[in-house]
file model12.cif (mmCIF, C-alpha atoms and all ligand atoms)
data_protein
#
loop_
_atom_site.label_atom_id
_atom_site.label_comp_id
_atom_site.auth_asym_id
_atom_site.auth_seq_id
_atom_site.Cartn_x
_atom_site.Cartn_y
_atom_site.Cartn_z
CA MET E 828 52.93 -33.05 -61.83
CA PRO E 829 53.96 -31.18 -65.01
CA PRO E 830 56.66 -32.96 -67.02
CA ASP E 831 60.19 -31.56 -67.04
CA LEU E 832 61.13 -30.10 -70.39
CA GLY E 833 64.35 -30.13 -72.36
CA LEU E 834 65.61 -27.03 -74.16
CA ALA E 835 63.98 -27.93 -77.50
CA GLU E 836 60.64 -28.55 -75.75
CA VAL E 837 60.85 -25.25 -73.87
CA GLU E 838 61.56 -23.48 -77.15
CA LEU E 839 58.60 -25.15 -78.83
CA LEU E 840 56.32 -24.29 -75.91
CA GLY E 841 57.48 -20.67 -76.11
CA ARG E 842 56.87 -20.40 -79.84
CA GLU E 843 53.40 -21.90 -79.54
CA LEU E 844 52.55 -19.59 -76.66
CA GLY E 845 53.84 -16.60 -78.63
CA GLU E 846 51.62 -17.57 -81.57
CA ALA E 847 48.61 -17.98 -79.26
CA LEU E 848 48.93 -14.69 -77.36
CA ARG E 849 46.21 -12.14 -77.98
CA PRO E 850 47.11 -8.48 -78.54
CA GLY E 851 48.07 -6.66 -75.35
CA GLU E 852 48.92 -9.67 -73.21
CA VAL E 853 51.40 -9.39 -70.35
CA VAL E 854 53.43 -12.49 -69.49
CA TRP E 855 55.30 -12.81 -66.20
CA LEU E 856 58.28 -15.17 -66.08
CA GLU E 857 59.26 -16.28 -62.61
CA GLY E 858 62.12 -18.46 -61.40
CA GLU E 859 65.67 -18.19 -60.16
CA LEU E 860 68.79 -17.29 -62.15
CA GLY E 861 69.41 -19.76 -64.94
CA ALA E 862 65.93 -21.26 -64.73
CA GLY E 863 65.40 -20.44 -68.41
CA LYS E 864 63.34 -17.24 -68.34
CA THR E 865 65.28 -15.38 -71.05
CA THR E 866 65.44 -18.54 -73.17
CA LEU E 867 61.65 -18.78 -72.99
CA VAL E 868 61.17 -15.05 -73.63
CA GLN E 869 63.22 -15.44 -76.79
CA SER E 870 61.01 -18.30 -78.01
CA ILE E 871 57.79 -16.45 -77.15
CA ALA E 872 59.11 -13.43 -79.04
CA SER E 873 59.86 -15.67 -82.00
CA GLY E 874 56.26 -16.92 -81.91
CA LEU E 875 55.16 -13.28 -81.98
CA GLY E 876 57.14 -12.77 -85.17
CA VAL E 877 60.28 -11.17 -83.72
CA ALA E 878 63.06 -12.02 -86.17
CA GLU E 879 66.11 -10.91 -84.21
CA PHE E 880 66.41 -11.13 -80.47
CA ALA E 881 69.38 -9.48 -78.72
CA THR E 882 70.81 -11.82 -76.12
CA SER E 883 73.95 -9.76 -75.53
CA PRO E 884 74.27 -8.24 -72.06
CA THR E 885 73.08 -4.67 -71.80
CA TYR E 886 72.21 -2.20 -69.10
CA ASN E 887 68.81 -1.54 -70.58
CA LEU E 888 66.03 -3.09 -68.56
CA VAL E 889 63.57 -2.68 -71.41
CA HIS E 890 64.09 -4.03 -74.92
CA ARG E 891 61.76 -3.26 -77.78
CA TYR E 892 61.32 -5.59 -80.73
CA GLU E 893 59.11 -5.51 -83.80
CA GLY E 894 56.71 -8.42 -83.92
CA ARG E 895 54.20 -9.49 -86.55
CA ARG E 896 51.40 -7.32 -85.14
CA GLY E 897 53.38 -4.60 -83.41
CA PRO E 898 55.97 -3.89 -80.74
CA VAL E 899 57.03 -6.63 -78.33
CA PHE E 900 58.71 -5.52 -75.11
CA HIS E 901 61.04 -7.57 -72.96
CA VAL E 902 61.40 -6.12 -69.47
CA ASP E 903 64.02 -7.63 -67.13
CA CYS E 904 63.63 -6.31 -63.59
CA TYR E 905 66.55 -8.33 -62.20
CA ARG E 906 68.78 -5.29 -61.72
CA LEU E 907 66.22 -3.28 -59.77
CA ARG E 908 67.46 -2.88 -56.21
CA VAL E 909 64.19 -1.48 -54.91
CA PRO E 910 60.77 -1.48 -56.59
CA ASP E 911 60.70 2.31 -56.84
CA GLU E 912 63.58 2.21 -59.32
CA ALA E 913 60.96 0.77 -61.68
CA ALA E 914 59.35 4.20 -61.81
CA GLU E 915 62.04 5.16 -64.35
CA LEU E 916 61.28 2.28 -66.68
CA GLY E 917 58.81 4.12 -68.89
CA TRP E 918 55.83 1.82 -68.41
CA GLU E 919 53.60 4.27 -70.37
CA ARG E 920 55.13 3.26 -73.69
CA LEU E 921 54.27 -0.38 -72.98
CA ALA E 922 50.57 0.42 -73.26
CA LEU E 923 50.75 0.20 -77.06
CA ALA E 924 52.57 -3.12 -77.08
CA ASP E 925 51.38 -6.27 -78.79
CA ALA E 926 52.96 -8.16 -75.90
CA VAL E 927 54.99 -7.41 -72.77
CA LEU E 928 57.24 -10.18 -71.39
CA ILE E 929 58.51 -9.48 -67.87
CA GLU E 930 61.32 -11.29 -66.04
CA TRP E 931 61.62 -10.86 -62.24
CA PRO E 932 58.27 -8.98 -62.10
CA HIS E 933 58.15 -9.07 -58.29
CA ARG E 934 61.23 -6.84 -58.13
CA ALA E 935 59.13 -4.07 -59.69
CA GLY E 936 56.53 -4.34 -56.92
CA ALA E 937 53.31 -2.56 -57.77
CA TRP E 938 54.93 -1.07 -60.89
CA ALA E 939 54.79 -4.32 -62.83
CA LEU E 940 51.88 -4.49 -65.25
CA PRO E 941 49.37 -7.10 -64.07
CA PRO E 942 49.87 -10.39 -65.91
CA THR E 943 47.45 -12.10 -68.23
CA ARG E 944 49.65 -15.21 -67.94
CA ARG E 945 52.35 -16.33 -65.54
CA ILE E 946 55.02 -18.89 -66.21
CA ARG E 947 57.06 -20.41 -63.42
CA LEU E 948 60.37 -22.07 -64.29
CA ALA E 949 62.55 -24.13 -62.00
CA HIS E 950 65.73 -26.17 -62.14
CA THR E 951 65.52 -29.93 -61.77
CA THR E 952 68.09 -32.57 -60.84
CA ASP E 953 68.81 -32.87 -64.58
CA PRO E 954 70.83 -29.75 -65.60
CA ASP E 955 69.28 -29.88 -69.09
CA ARG E 956 65.65 -30.03 -68.00
CA ARG E 957 63.35 -27.48 -66.42
CA ARG E 958 60.07 -27.66 -64.59
CA VAL E 959 57.66 -25.36 -66.44
CA GLU E 960 54.28 -24.29 -65.08
CA VAL E 961 52.00 -22.09 -67.13
CA ILE E 962 49.43 -20.31 -65.00
CA ALA E 963 46.57 -18.52 -66.72
CA SER E 964 45.71 -15.47 -64.67
N1 LIG E 1001 65.32 -27.20 -70.61
C1 LIG E 1001 65.87 -25.99 -70.63
N2 LIG E 1001 65.10 -24.91 -70.71
C2 LIG E 1001 65.63 -23.69 -70.71
N3 LIG E 1001 66.96 -23.43 -70.64
C3 LIG E 1001 67.79 -24.47 -70.57
C4 LIG E 1001 67.28 -25.77 -70.56
N4 LIG E 1001 68.31 -26.60 -70.47
C5 LIG E 1001 69.42 -25.83 -70.44
N5 LIG E 1001 69.12 -24.54 -70.51
C6 LIG E 1001 70.11 -23.48 -70.48
O1 LIG E 1001 70.00 -22.77 -69.25
C7 LIG E 1001 70.33 -21.42 -69.46
C8 LIG E 1001 69.15 -20.60 -68.98
O2 LIG E 1001 69.53 -19.28 -68.98
P1 LIG E 1001 68.49 -18.11 -69.08
O3 LIG E 1001 67.40 -18.41 -70.03
O4 LIG E 1001 69.30 -16.90 -69.30
O5 LIG E 1001 67.87 -18.15 -67.59
P2 LIG E 1001 67.27 -16.94 -66.75
O6 LIG E 1001 66.84 -15.87 -67.69
O7 LIG E 1001 66.14 -17.59 -66.01
O8 LIG E 1001 68.35 -16.50 -65.81
C9 LIG E 1001 70.60 -21.23 -70.93
O9 LIG E 1001 71.99 -21.30 -71.16
C10 LIG E 1001 69.91 -22.43 -71.56
O10 LIG E 1001 70.50 -22.83 -72.77
MG MG E 1002 67.16 -13.80 -67.69
#
call {"tool": "encode", "arguments": {"input": "model12.cif", "output": "structure tokens", "more": "lines below"}}
Ligand SMILES: Nc1ncnc2c1ncn2[C@@H]1O[C@H](COP(=O)(O)OP(=O)(O)O)[C@@H](O)[C@H]1O
Ligand SMILES: [Mg+2]
result
Amino acid sequence: MPPDLGLAEVELLGRELGEALRPGEVVWLEGELGAGKTTLVQSIASGLGVAEFATSPTYNLVHRYEGRRGPVFHVDCYRLRVPDEAAELGWERLALADAVLIEWPHRAGAWALPPTRRIRLAHTTDPDRRRVEVIAS
């Protein structure tokens, strides 16, 4: 059973993962609303050298950041109603990324880039702790 992690531990895990990622990796983040996906994406991005992460709400599904080695993309597929809407996302430009971090990848169906790593997050009975499973693909 993986231990449940508090916010600071999730952030540390994310930073360490971000530092460990090899160029071109694709990370899927799975879990329901509020499970901590965006929080973890932010920490992973920080580990990749992204200095400023926009957490403000926006209608863009794809966010591009500048990391230490190159562009880091955050793709949030939550607002896709059907997978084919993902056709408009501009996946081609993600080919040059240092890392692609995808929330709600299943909503993009076959459009989602195949993951090199998958992370599953879940709520626990403690509102401040999350169950975190890292799955190497
Ligand atoms: N252990 C934890 N790990 C991650 N987030 C946590 C944790 N405890 C509390 N939170 C809070 O839960 C919320 C998670 O929101 P968010 O990361 O946007 O989730 P998601 O993207 O999965 O919908 C944030 O407000 C975060 O501060
Ligand atoms: Mg989110």
call {"tool": "atom_distance", "arguments": {"input": "model12.cif", "atom1": "CA of Leu916 (chain E)", "atom2": "CA of Val889 (chain E)"}}
result
7.2 Å
call {"tool": "residues_around", "arguments": {"input": "model12.cif", "residues": "Ala937 (chain E)", "least_positions_apart": "3", "cutoff": "10 Å", "atoms": "all atoms listed in the file", "output": "PyMOL selection string"}}
result
chain E and resi 910-911+913-914+932-934+940-941
call {"tool": "closest_residue", "arguments": {"input": "model12.cif", "among": "E:Arg891, E:Val854, E:Ala881, E:Ser873", "to": "Ala939 (chain E)", "atoms": "only C-alpha atoms"}}
result
E:Val854
call {"tool": "residues_near_ligand", "arguments": {"input": "model12.cif", "ligand": "ligand LIG 1001 (chain E)", "cutoff": "9 Å", "atoms": "all atoms listed in the file", "output": "number ranges by chain"}}
result
E: 831-838, 856-869, 882, 903, 930-931, 948-950, 953-959
call {"tool": "closest_residue", "arguments": {"input": "model12.cif", "among": "E:Phe880, E:Ile929, E:Ala872, E:Val853", "to": "ligand MG 1002 (chain E)", "atoms": "only C-alpha atoms and all ligand atoms"}}
result
E:Ile929
call {"tool": "closest_residue", "arguments": {"input": "model12.cif", "among": "E:Arg944, E:Leu888, E:Val927, E:Val899", "to": "ligand MG 1002 (chain E)", "atoms": "all atoms listed in the file"}}
result
E:Leu888
call {"tool": "atom_distance", "arguments": {"input": "model12.cif", "atom1": "CA of Ala847 (chain E)", "atom2": "CA of Pro898 (chain E)"}}
result
16.0 Å
call {"tool": "closest_residue", "arguments": {"input": "model12.cif", "among": "E:Tyr905, E:Phe900, E:Trp855, E:Trp938", "to": "Ala963 (chain E)", "atoms": "only C-alpha atoms"}}
result
E:Trp855
call {"tool": "atom_distance", "arguments": {"input": "model12.cif", "atom1": "CA of Glu960 (chain E)", "atom2": "CA of Glu852 (chain E)"}}
result
17.6 Å
call {"tool": "closest_residue", "arguments": {"input": "model12.cif", "among": "E:Ala922, E:His901, E:Gly841, E:Ile946", "to": "ligand MG 1002 (chain E)", "atoms": "all atoms listed in the file"}}
result
E:His901
call {"tool": "closest_residue", "arguments": {"input": "model12.cif", "among": "E:Asp925, E:Thr885, E:Glu919, E:Leu848", "to": "ligand MG 1002 (chain E)", "atoms": "all atoms listed in the file"}}
result
E:Thr885
call {"tool": "axis_aligned_box", "arguments": {"input": "model12.cif", "around": "region 882-895 of chain E", "padding_each_side": "5 Å", "output": "lines of an AutoDock Vina configuration file"}}
result
center_x = 64.2
center_y = -6.7
center_z = -77.6
size_x = 30.1
size_y = 20.3
size_z = 28.0
call {"tool": "residues_around", "arguments": {"input": "model12.cif", "residues": "Leu875 (chain E)", "least_positions_apart": "4", "cutoff": "7 Å", "atoms": "all atoms listed in the file", "output": "ChimeraX atom specification"}}
result
/E:845-846,871,894-895
call {"tool": "write_last_selection", "arguments": {"input": "model12.cif", "atoms": "C-alpha atoms", "output": "short mmCIF file (atom, residue, chain, number, x, y, z; two decimals), in the frame of the given file"}}
result
data_model
loop_
_atom_site.label_atom_id
_atom_site.label_comp_id
_atom_site.auth_asym_id
_atom_site.auth_seq_id
_atom_site.Cartn_x
_atom_site.Cartn_y
_atom_site.Cartn_z
CA GLY E 845 53.84 -16.60 -78.63
CA GLU E 846 51.62 -17.57 -81.57
CA ILE E 871 57.79 -16.45 -77.15
CA GLY E 894 56.71 -8.42 -83.92
CA ARG E 895 54.20 -9.49 -86.55
#
